[in-house]
>>> print(open('protein-v1.cif').read())   # mmCIF, C-alpha atoms and all ligand atoms
data_protein
loop_
_atom_site.label_atom_id
_atom_site.label_comp_id
_atom_site.auth_asym_id
_atom_site.auth_seq_id
_atom_site.Cartn_x
_atom_site.Cartn_y
_atom_site.Cartn_z
CA MET C 1 11.16 107.27 69.03
CA ARG C 2 8.04 106.14 67.19
CA ASP C 3 10.18 103.97 64.88
CA GLU C 4 11.93 102.43 67.85
CA LEU C 5 8.64 101.65 69.56
CA SER C 6 7.25 99.95 66.47
CA HIS C 7 10.51 98.01 66.19
CA ILE C 8 10.10 96.81 69.79
CA ARG C 9 6.44 95.94 69.20
CA ASN C 10 7.35 93.91 66.12
CA ARG C 11 9.90 92.03 68.16
CA GLU C 12 7.34 91.38 70.89
CA ASP C 13 4.90 90.09 68.27
CA GLU C 14 7.57 87.78 66.88
CA GLU C 15 8.39 86.42 70.36
CA ARG C 16 4.71 85.88 71.03
CA LYS C 17 4.29 83.95 67.77
CA ILE C 18 7.21 81.70 68.72
CA ILE C 19 5.69 80.93 72.14
CA LEU C 20 2.30 80.18 70.53
CA ALA C 21 3.89 77.92 67.89
CA GLU C 22 5.79 76.00 70.59
CA HIS C 23 2.60 75.64 72.57
CA GLN C 24 0.71 74.36 69.53
CA LYS C 25 3.44 71.75 68.99
CA TYR C 26 3.18 70.67 72.62
CA MET C 27 -0.63 70.38 72.38
CA ASP C 28 -0.48 68.43 69.08
CA ASN C 29 1.89 65.91 70.71
CA LEU C 30 -0.30 65.66 73.75
CA PHE C 31 -3.47 65.12 71.70
CA ALA C 32 -1.73 62.45 69.60
CA ARG C 33 -0.94 60.57 72.82
CA GLN C 34 -4.32 61.20 74.50
CA PRO C 35 -7.19 61.21 71.93
CA LYS C 36 -9.83 61.46 74.69
CA LEU C 37 -8.36 64.79 75.72
CA LYS C 38 -8.42 66.00 72.12
CA GLN C 39 -12.07 64.99 71.87
CA ASN C 40 -12.83 66.91 75.07
CA PHE C 41 -11.11 70.06 73.76
CA ASP C 42 -12.95 69.86 70.42
CA GLN C 43 -16.32 69.43 72.13
CA ALA C 44 -15.68 72.30 74.55
CA GLU C 45 -14.63 74.51 71.63
CA GLU C 46 -17.84 73.65 69.80
CA VAL C 47 -19.99 74.46 72.86
CA ARG C 48 -18.16 77.78 73.34
CA LYS C 49 -18.97 78.74 69.75
CA GLN C 50 -22.62 77.86 70.32
CA ILE C 51 -22.68 80.00 73.49
CA ILE C 52 -21.27 82.98 71.55
CA SER C 53 -23.77 82.59 68.75
CA ALA C 54 -26.66 82.18 71.23
CA THR C 55 -25.49 85.28 73.14
CA LEU C 56 -25.42 87.27 69.90
CA GLY C 57 -28.88 85.95 69.11
CA LYS C 58 -30.05 87.14 72.50
CA LEU C 59 -28.63 90.62 71.76
CA ARG C 60 -30.75 90.60 68.61
CA GLY C 61 -33.78 90.01 70.82
CA GLN C 62 -34.25 86.27 70.51
CA PRO C 63 -35.39 84.63 73.76
CA LEU C 64 -32.53 82.12 74.17
CA ASP C 65 -31.95 82.18 77.92
CA GLU C 66 -32.77 78.50 78.39
CA GLU C 67 -30.56 77.45 75.52
CA ILE C 68 -27.62 79.47 76.93
CA THR C 69 -28.05 77.97 80.41
CA GLY C 70 -28.12 74.47 78.88
CA LEU C 71 -24.91 75.14 76.93
CA GLU C 72 -23.17 76.57 79.99
CA THR C 73 -24.06 73.47 81.99
CA ARG C 74 -22.71 71.31 79.20
CA LEU C 75 -19.47 73.30 79.10
CA ALA C 76 -19.01 73.04 82.88
CA ASP C 77 -19.55 69.30 82.57
CA LEU C 78 -16.90 69.03 79.83
CA LEU C 79 -14.41 71.02 81.92
CA ARG C 80 -15.01 68.72 84.90
CA LYS C 81 -14.36 65.72 82.68
CA ARG C 82 -11.21 67.36 81.38
CA SER C 83 -9.97 67.92 84.88
CA ALA C 84 -10.55 64.23 85.70
CA LEU C 85 -8.71 63.17 82.51
CA LEU C 86 -5.73 65.39 83.38
CA ASP C 87 -5.65 63.85 86.83
CA GLN C 88 -5.77 60.38 85.37
CA TYR C 89 -2.92 61.09 82.91
CA GLY C 90 -0.85 62.97 85.52
CA ILE C 91 -0.80 66.21 83.46
CA ASN C 92 -0.37 69.58 85.15
CA PRO C 93 -3.28 71.84 84.00
CA ALA C 94 -0.88 74.82 83.86
CA SER C 95 0.98 73.09 80.99
CA LEU C 96 -2.14 73.54 78.81
CA GLU C 97 -1.47 77.28 78.71
CA PRO C 98 1.25 78.79 76.50
CA LYS C 99 4.42 79.54 78.46
CA TRP C 100 4.09 83.30 78.54
CA ASN C 101 6.88 85.30 80.10
CA CYS C 102 4.17 87.42 81.71
CA ARG C 103 0.89 85.74 82.55
CA ARG C 104 -0.74 89.05 83.33
CA CYS C 105 -0.68 90.33 79.76
CA GLN C 106 0.11 87.04 77.96
CA ASP C 107 3.09 88.88 76.47
CA THR C 108 0.90 91.31 74.55
CA GLY C 109 2.38 94.14 76.61
CA MET C 110 -1.12 95.49 77.28
CA VAL C 111 -3.61 94.79 80.06
CA TYR C 112 -7.32 95.43 80.03
CA THR C 113 -8.45 96.97 83.30
CA ALA C 114 -11.74 96.37 85.10
CA ASP C 115 -12.90 99.88 84.18
CA GLY C 116 -12.42 99.17 80.49
CA ARG C 117 -9.08 100.83 79.78
CA TYR C 118 -6.03 99.42 78.03
CA LEU C 119 -2.78 100.01 79.91
CA VAL C 120 0.85 99.20 79.18
CA CYS C 121 1.76 96.19 81.32
CA ALA C 122 4.58 96.62 83.85
CA CYS C 123 6.60 93.92 82.06
CA ALA C 124 6.47 95.85 78.76
CA GLN C 125 7.37 99.09 80.49
CA ALA C 126 10.43 97.47 82.08
CA LYS C 127 11.45 95.81 78.82
CA ARG C 128 11.13 99.02 76.83
CA SER C 129 13.05 100.95 79.40
CA ARG C 130 15.86 98.35 79.28
CA LEU C 131 15.99 98.50 75.49
CA PHE C 132 16.06 102.29 75.39
CA ARG C 133 18.92 102.27 77.87
CA GLN C 134 20.83 99.71 75.82
CA ARG C 135 20.37 101.80 72.72
CA ALA C 136 21.62 104.92 74.45
CA GLY C 137 25.01 103.15 74.56
CA LEU C 138 26.12 104.49 77.96
CA PRO C 139 29.36 102.95 79.21
CA ALA C 140 29.09 100.97 82.47
CA ARG C 141 30.75 103.65 84.60
CA ILE C 142 27.98 106.18 83.92
CA CYS C 143 24.96 104.00 83.14
CA GLN C 144 23.54 104.48 86.65
CA ALA C 145 24.10 108.25 86.72
CA THR C 146 21.03 110.30 87.65
CA PHE C 147 20.38 113.92 88.61
CA ASP C 148 18.59 112.79 91.77
CA GLY C 149 21.36 110.41 92.75
CA THR C 150 24.25 112.84 92.24
CA ASP C 151 26.26 113.33 95.42
CA PHE C 152 27.73 116.82 95.17
CA ALA C 153 29.91 116.14 98.23
CA ILE C 154 32.33 114.34 95.90
CA PHE C 155 33.07 117.57 94.05
CA GLN C 156 35.83 119.82 95.36
CA THR C 157 34.48 122.40 97.80
CA ALA C 158 35.81 125.33 95.81
CA HIS C 159 33.85 124.30 92.72
CA ARG C 160 30.77 122.70 94.29
CA SER C 161 28.36 125.58 93.84
CA GLN C 162 29.42 126.05 90.20
CA VAL C 163 28.93 122.31 89.57
CA LYS C 164 25.47 122.44 91.16
CA LYS C 165 24.52 125.31 88.88
CA VAL C 166 25.69 123.42 85.79
CA TYR C 167 23.75 120.32 86.82
CA ALA C 168 20.60 122.34 87.61
CA TYR C 169 20.87 124.15 84.28
CA SER C 170 21.32 120.86 82.44
CA GLN C 171 18.25 119.37 84.14
CA LYS C 172 16.23 122.42 83.14
CA PHE C 173 17.47 121.95 79.58
CA CYS C 174 16.21 118.34 79.75
CA ASP C 175 12.81 119.44 81.08
CA GLU C 176 12.45 121.77 78.09
CA LEU C 177 13.45 118.98 75.71
CA ARG C 178 10.82 116.71 77.24
CA LEU C 179 8.24 119.29 76.27
CA ASN C 180 9.68 119.88 72.82
CA SER C 181 12.28 117.52 71.41
CA ASP C 182 12.46 119.44 68.11
CA SER C 183 14.85 122.01 69.40
CA SER C 184 17.99 123.14 67.69
CA GLN C 185 19.27 124.24 71.06
CA GLY C 186 22.09 122.26 72.57
CA LEU C 187 24.65 122.41 75.35
CA PHE C 188 28.40 122.73 75.16
CA ILE C 189 30.05 121.64 78.40
CA HIS C 190 33.77 122.11 78.81
CA GLY C 191 36.11 121.41 81.68
CA PRO C 192 39.24 119.47 82.51
CA THR C 193 39.49 115.68 82.52
CA GLY C 194 37.87 114.29 85.66
CA SER C 195 35.53 117.21 86.25
CA GLY C 196 32.43 115.00 85.82
CA LYS C 197 31.46 115.82 82.24
CA SER C 198 30.74 112.23 81.21
CA TYR C 199 28.81 111.64 84.43
CA LEU C 200 26.62 114.64 83.60
CA LEU C 201 25.93 113.15 80.15
CA GLY C 202 24.87 109.95 81.94
CA CYS C 203 22.41 111.95 84.07
CA ILE C 204 21.00 113.64 80.95
CA ALA C 205 20.67 110.34 79.08
CA ASN C 206 18.92 108.56 81.95
CA TYR C 207 16.59 111.51 82.54
CA LEU C 208 15.42 111.52 78.92
CA VAL C 209 15.85 108.00 77.66
CA GLU C 210 12.21 107.03 78.19
CA HIS C 211 10.91 110.15 76.51
CA MET C 212 13.03 110.20 73.37
CA SER C 213 15.77 108.25 71.63
CA VAL C 214 19.17 109.15 73.05
CA ARG C 215 22.60 108.16 71.81
CA TYR C 216 25.83 108.63 73.77
CA MET C 217 29.13 108.42 71.99
CA VAL C 218 32.76 109.34 72.23
CA TYR C 219 33.46 110.56 68.74
CA ALA C 220 36.85 108.82 68.59
CA ASP C 221 35.11 105.46 69.32
CA PHE C 222 32.46 106.18 66.71
CA LEU C 223 35.21 106.70 64.14
CA ASP C 224 36.65 103.31 65.10
CA SER C 225 33.24 101.70 64.48
CA LEU C 226 33.04 103.43 61.11
CA ARG C 227 36.48 102.18 60.12
CA ALA C 228 35.49 98.68 61.22
CA THR C 229 32.67 98.68 58.67
CA PHE C 230 35.27 99.17 55.89
CA ASN C 231 37.26 96.16 57.02
CA SER C 232 34.38 93.76 57.32
CA ARG C 233 31.99 93.06 54.49
CA ASP C 234 29.63 91.11 56.72
CA SER C 235 29.55 93.87 59.25
CA GLU C 236 26.07 94.12 60.77
CA GLN C 237 25.75 97.79 59.99
CA SER C 238 27.04 99.69 57.01
CA GLU C 239 28.89 102.97 57.36
CA GLN C 240 25.85 104.86 56.16
CA GLN C 241 23.56 103.11 58.64
CA LEU C 242 25.85 104.09 61.50
CA VAL C 243 25.99 107.69 60.36
CA ASP C 244 22.22 107.81 59.77
CA GLU C 245 21.50 106.51 63.25
CA VAL C 246 23.60 109.23 64.82
CA LYS C 247 22.14 111.87 62.51
CA ASN C 248 18.55 110.98 63.34
CA VAL C 249 18.53 110.12 67.02
CA ASP C 250 16.39 112.60 69.01
CA LEU C 251 19.27 113.66 71.24
CA LEU C 252 22.96 113.13 70.50
CA LEU C 253 25.45 113.21 73.38
CA LEU C 254 28.95 113.73 72.08
CA ASP C 255 31.51 113.10 74.80
CA ASP C 256 35.12 114.24 74.81
CA MET C 257 35.14 116.13 71.53
CA GLY C 258 38.59 117.08 70.34
CA ILE C 259 40.47 113.97 71.48
CA GLU C 260 40.10 112.39 68.03
CA LYS C 261 42.75 113.07 65.43
CA PRO C 262 41.43 115.83 63.17
CA THR C 263 41.86 113.86 59.93
CA GLU C 264 39.85 114.71 56.83
CA PHE C 265 37.86 111.50 57.30
CA SER C 266 36.91 112.27 60.89
CA LEU C 267 36.05 115.90 60.28
CA LYS C 268 34.08 115.25 57.09
CA ASN C 269 31.83 112.74 58.87
CA LEU C 270 31.37 114.92 61.90
CA ALA C 271 30.57 117.94 59.72
CA GLN C 272 27.93 115.88 57.91
CA ILE C 273 26.34 114.83 61.21
CA ILE C 274 26.40 118.23 62.88
CA ASP C 275 25.18 120.03 59.75
CA TYR C 276 22.29 117.64 59.30
CA ARG C 277 21.25 117.90 62.94
CA TYR C 278 21.44 121.67 62.82
CA ARG C 279 19.20 121.81 59.75
CA SER C 280 16.73 119.27 61.18
CA LEU C 281 16.45 121.05 64.53
CA LYS C 282 17.92 118.12 66.46
CA PRO C 283 19.80 118.96 69.64
CA VAL C 284 23.34 117.94 70.54
CA VAL C 285 25.07 118.02 73.89
CA VAL C 286 28.83 118.17 73.52
CA THR C 287 31.53 117.90 76.14
CA SER C 288 35.16 118.72 75.59
CA ASN C 289 38.37 119.40 77.44
CA PHE C 290 38.68 122.39 75.16
CA THR C 291 36.66 125.58 75.04
CA LEU C 292 34.93 126.43 71.75
CA GLU C 293 37.62 129.07 71.10
CA GLU C 294 40.35 126.48 71.62
CA LEU C 295 38.58 124.09 69.26
CA ILE C 296 38.36 126.85 66.65
CA ARG C 297 42.10 127.45 66.97
CA ARG C 298 42.81 123.72 66.65
CA THR C 299 40.80 123.42 63.45
CA GLN C 300 41.66 126.77 61.88
CA THR C 301 43.57 125.27 59.00
CA ASP C 302 40.84 122.84 58.15
CA LEU C 303 37.70 123.69 56.24
CA TYR C 304 35.51 120.96 57.74
CA GLY C 305 36.81 121.45 61.26
CA GLU C 306 36.08 125.13 61.21
CA ARG C 307 32.59 124.53 59.89
CA ILE C 308 31.88 122.05 62.68
CA VAL C 309 32.96 124.39 65.43
CA TRP C 310 31.03 127.32 64.02
CA ARG C 311 27.93 125.18 63.71
CA LEU C 312 28.37 123.96 67.27
CA GLY C 313 28.65 127.57 68.34
CA GLU C 314 25.25 128.19 66.76
CA ILE C 315 23.59 125.04 68.10
CA CYS C 316 25.06 125.18 71.58
CA SER C 317 23.98 128.62 72.61
CA ASN C 318 24.33 127.44 76.20
CA ILE C 319 27.94 127.06 77.21
CA LEU C 320 28.64 125.57 80.61
CA GLU C 321 31.91 125.10 82.41
CA LEU C 322 32.70 122.36 84.90
CA LYS C 323 35.69 122.94 87.11
CA GLY C 324 37.84 120.84 89.38
CA ASN C 325 38.92 117.24 89.31
CA LEU C 326 36.82 114.53 90.93
CA ARG C 327 39.69 112.10 90.89
CA MET C 328 41.72 114.33 93.19
CA ILE C 329 39.40 113.72 96.11
CA LEU C 330 38.09 110.27 95.28
ZN ZN C 401 3.01 91.75 81.01
#
>>> encode(input="protein-v1.cif", output="structure tokens")
Amino acid sequence: MRDELSHIRNREDEERKIILAEHQKYMDNLFARQPKLKQNFDQAEEVRKQIISATLGKLRGQPLDEEITGLETRLADLLRKRSALLDQYGINPASLEPKWNCRRCQDTGMVYTADGRYLVCACAQAKRSRLFRQRAGLPARICQATFDGTDFAIFQTAHRSQVKKVYAYSQKFCDELRLNSDSSQGLFIHGPTGSGKSYLLGCIANYLVEHMSVRYMVYADFLDSLRATFNSRDSEQSEQQLVDEVKNVDLLLLDDMGIEKPTEFSLKNLAQIIDYRYRSLKPVVVTSNFTLEELIRRTQTDLYGERIVWRLGEICSNILELKGNLRMIL
């Protein structure tokens, strides 16, 4: 999370530099066309410097009140002249300011309050939240899923109370993670297709995404991305980068485990990821159409597969079952 934040801050700094450079270019052009304006800016800048130095002198105990008042009058006079020049040239005074996306914080992402505190500006908060959500990689159908917004009426009556329990338990799991993200504990959620497993992962992701880095993936799709890195030399991310990202994210959400073909390639990579996360105390939430026992049976003949399922058994000490099929009543 800290890495991601510094990455975002670096990007904000870069964007800010670009806006400032564009503004400087605009001002240079303007001054070349209107030398009187340039002269006015230079003089005002000089007077401002003198005011600062006189104010510092005053702090050191020098009696400079009269000098400061004189300088302030001169500055006000220069600003009046500037205003008249702008009028004369038909220039909008707002164009003399850099074109910040947010005028409140001038794109620094921080605002200084009247009581002397630095706060994160609302624009930065919204931007960060958008970026975290993008990085979580939720598919469109579940990107709006939230615990608060879940309408349990859409679940079949016979299973509704069980579903509510699973959702409540999952939210409690998230609350604990918020307090301590270094937890080897995970969840294993199984149930038939259409029982709302992916939706629940969406709720978990959205509940935590602003507190830690979260990554959602269907393992079969992840394998496709890995294979794509072999076929393209200019691929943006290397195979190892992709694997590292999934290994190190604070919370990994692995949807629909067991639908991928259990090839040596797929199982070896998954074993590497799960093993690493287990040893580094990083939680995983897994959903599957299969129970853990069924997954063990499926992978019995394979060394890697068996290791993965046993590890998952250790990590996911909480096993939840979703029942029913949402699609039957939708
Ligand atoms: Zn702002």
>>> residues_near_ligand(input="protein-v1.cif", ligand="ligand ZN 401 (chain C)", cutoff="8 Å", atoms="only C-alpha atoms and all ligand atoms", output="PyMOL selection string")
chain C and resi 101-111+120-124
>>> closest_residue(input="protein-v1.cif", among="C:Gln156, C:Arg298, C:Glu245, C:Ala205", to="Ser170 of chain C", atoms="only C-alpha atoms")
C:Ala205
>>> atom_distance(input="protein-v1.cif", atom1="atom CA of Glu97 of chain C", atom2="atom CA of Asp77 of chain C")
20.1 Å
>>> atom_distance(input="protein-v1.cif", atom1="atom CA of His7 of chain C", atom2="atom CA of Arg130 of chain C")
14.1 Å
>>> closest_residue(input="protein-v1.cif", among="C:Ala32, C:Ile259, C:Leu138, C:Val163", to="Ser195 of chain C", atoms="only C-alpha atoms")
C:Val163
>>> atom_distance(input="protein-v1.cif", atom1="atom CA of Ser213 of chain C", atom2="atom CA of Gly137 of chain C")
11.0 Å
>>> residues_around(input="protein-v1.cif", residues="Leu37 of chain C", least_positions_apart="6", cutoff="8 Å", atoms="only C-alpha atoms", output="PyMOL selection string")
chain C and resi 31+82+85
>>> axis_aligned_box(input="protein-v1.cif", around="segment 74-85 of chain C", padding_each_side="5 Å", output="AutoDock Vina command-line options")
--center_x -15.7 --center_y 68.2 --center_z 82.4 --size_x 24.0 --size_y 20.1 --size_z 16.6
>>> closest_residue(input="protein-v1.cif", among="C:Ser95, C:Thr263, C:Asn29, C:Gln88", to="Ala220 of chain C", atoms="only C-alpha atoms")
C:Thr263
>>> closest_residue(input="protein-v1.cif", among="C:Ala44, C:Leu270, C:Ala76, C:Leu253", to="Asn206 of chain C", atoms="all atoms listed in the file")
C:Leu253
>>> closest_atom_pairs(input="protein-v1.cif", of="segment 119-184 of chain C", to="segment 303-324 of chain C", cutoff="12 Å", atoms="all atoms listed in the file", output="Markdown table")
| residue | atom | partner | partner_atom | distance |
| --- | --- | --- | --- | --- |
| C:Ile154 | CA | C:Gly324 | CA | 10.7 |
| C:Phe155 | CA | C:Gly324 | CA | 7.4 |
| C:Gln156 | CA | C:Gly324 | CA | 6.4 |
| C:Thr157 | CA | C:Gly324 | CA | 9.2 |
| C:Ala158 | CA | C:Gly324 | CA | 8.1 |
| C:His159 | CA | C:Lys323 | CA | 6.1 |
| C:Arg160 | CA | C:Lys323 | CA | 8.7 |
| C:Ser161 | CA | C:Lys323 | CA | 10.3 |
| C:Gln162 | CA | C:Leu322 | CA | 7.2 |
| C:Val163 | CA | C:Leu322 | CA | 6.0 |
| C:Lys164 | CA | C:Leu322 | CA | 9.6 |
| C:Lys165 | CA | C:Leu320 | CA | 9.2 |
| C:Val166 | CA | C:Leu320 | CA | 6.3 |
| C:Tyr167 | CA | C:Leu322 | CA | 9.4 |
| C:Ala168 | CA | C:Leu320 | CA | 11.1 |
| C:Tyr169 | CA | C:Leu320 | CA | 8.7 |
| C:Ser170 | CA | C:Leu320 | CA | 8.9 |
| C:Lys172 | CA | C:Asn318 | CA | 11.8 |
| C:Phe173 | CA | C:Asn318 | CA | 9.4 |
| C:Ser183 | CA | C:Ile315 | CA | 9.3 |
| C:Ser184 | CA | C:Ile315 | CA | 5.9 |
>>> write_last_selection(input="protein-v1.cif", atoms="C-alpha atoms", output="PDB file, in the coordinates of the input")
ATOM      1  CA  ILE C 154      32.330 114.340  95.900  1.00  0.00           C
ATOM      2  CA  PHE C 155      33.070 117.570  94.050  1.00  0.00           C
ATOM      3  CA  GLN C 156      35.830 119.820  95.360  1.00  0.00           C
ATOM      4  CA  THR C 157      34.480 122.400  97.800  1.00  0.00           C
ATOM      5  CA  ALA C 158      35.810 125.330  95.810  1.00  0.00           C
ATOM      6  CA  HIS C 159      33.850 124.300  92.720  1.00  0.00           C
ATOM      7  CA  ARG C 160      30.770 122.700  94.290  1.00  0.00           C
ATOM      8  CA  SER C 161      28.360 125.580  93.840  1.00  0.00           C
ATOM      9  CA  GLN C 162      29.420 126.050  90.200  1.00  0.00           C
ATOM     10  CA  VAL C 163      28.930 122.310  89.570  1.00  0.00           C
ATOM     11  CA  LYS C 164      25.470 122.440  91.160  1.00  0.00           C
ATOM     12  CA  LYS C 165      24.520 125.310  88.880  1.00  0.00           C
ATOM     13  CA  VAL C 166      25.690 123.420  85.790  1.00  0.00           C
ATOM     14  CA  TYR C 167      23.750 120.320  86.820  1.00  0.00           C
ATOM     15  CA  ALA C 168      20.600 122.340  87.610  1.00  0.00           C
ATOM     16  CA  TYR C 169      20.870 124.150  84.280  1.00  0.00           C
ATOM     17  CA  SER C 170      21.320 120.860  82.440  1.00  0.00           C
ATOM     18  CA  LYS C 172      16.230 122.420  83.140  1.00  0.00           C
ATOM     19  CA  PHE C 173      17.470 121.950  79.580  1.00  0.00           C
ATOM     20  CA  SER C 183      14.850 122.010  69.400  1.00  0.00           C
ATOM     21  CA  SER C 184      17.990 123.140  67.690  1.00  0.00           C
TER      22      SER C 184
END
>>> closest_residue(input="protein-v1.cif", among="C:Leu119, C:Thr146, C:Thr113, C:Ser280", to="Gln185 of chain C", atoms="all atoms listed in the file")
C:Ser280
>>> closest_residue(input="protein-v1.cif", among="C:Lys81, C:Asp221, C:Tyr118, C:Val209", to="Cys143 of chain C", atoms="all atoms listed in the file")
C:Val209
>>> decode(input="protein-v1.cif", residues="segment 277-304 of chain C", atoms="C-alpha atoms", output="PDB file, in the first residue's frame")
ATOM      1  CA  ARG C 277       1.658 -15.777   0.581  1.00  0.00           C
ATOM      2  CA  TYR C 278       1.372 -18.415   3.265  1.00  0.00           C
ATOM      3  CA  ARG C 279       4.964 -17.838   4.377  1.00  0.00           C
ATOM      4  CA  SER C 280       4.615 -14.036   4.271  1.00  0.00           C
ATOM      5  CA  LEU C 281       1.377 -14.027   6.271  1.00  0.00           C
ATOM      6  CA  LYS C 282      -0.649 -12.567   3.401  1.00  0.00           C
ATOM      7  CA  PRO C 283      -4.315 -13.505   3.278  1.00  0.00           C
ATOM      8  CA  VAL C 284      -6.184 -15.033   0.352  1.00  0.00           C
ATOM      9  CA  VAL C 285      -9.907 -15.311  -0.225  1.00  0.00           C
ATOM     10  CA  VAL C 286     -10.744 -18.143  -2.588  1.00  0.00           C
ATOM     11  CA  THR C 287     -14.050 -19.075  -4.164  1.00  0.00           C
ATOM     12  CA  SER C 288     -14.737 -22.304  -5.970  1.00  0.00           C
ATOM     13  CA  ASN C 289     -17.551 -24.444  -7.270  1.00  0.00           C
ATOM     14  CA  PHE C 290     -15.754 -27.285  -5.547  1.00  0.00           C
ATOM     15  CA  THR C 291     -15.294 -28.004  -1.863  1.00  0.00           C
ATOM     16  CA  LEU C 292     -11.717 -28.319  -0.590  1.00  0.00           C
ATOM     17  CA  GLU C 293     -12.179 -32.114  -0.437  1.00  0.00           C
ATOM     18  CA  GLU C 294     -13.294 -32.164  -4.075  1.00  0.00           C
ATOM     19  CA  LEU C 295     -10.298 -30.052  -5.061  1.00  0.00           C
ATOM     20  CA  ILE C 296      -8.002 -32.478  -3.222  1.00  0.00           C
ATOM     21  CA  ARG C 297      -9.536 -35.377  -5.140  1.00  0.00           C
ATOM     22  CA  ARG C 298      -9.118 -33.516  -8.440  1.00  0.00           C
ATOM     23  CA  THR C 299      -5.445 -32.858  -7.834  1.00  0.00           C
ATOM     24  CA  GLN C 300      -4.518 -36.113  -6.096  1.00  0.00           C
ATOM     25  CA  THR C 301      -2.261 -37.303  -8.873  1.00  0.00           C
ATOM     26  CA  ASP C 302      -0.391 -34.047  -9.053  1.00  0.00           C
ATOM     27  CA  LEU C 303       2.327 -32.983  -6.664  1.00  0.00           C
ATOM     28  CA  TYR C 304       1.832 -29.222  -7.079  1.00  0.00           C
TER      29      TYR C 304
END
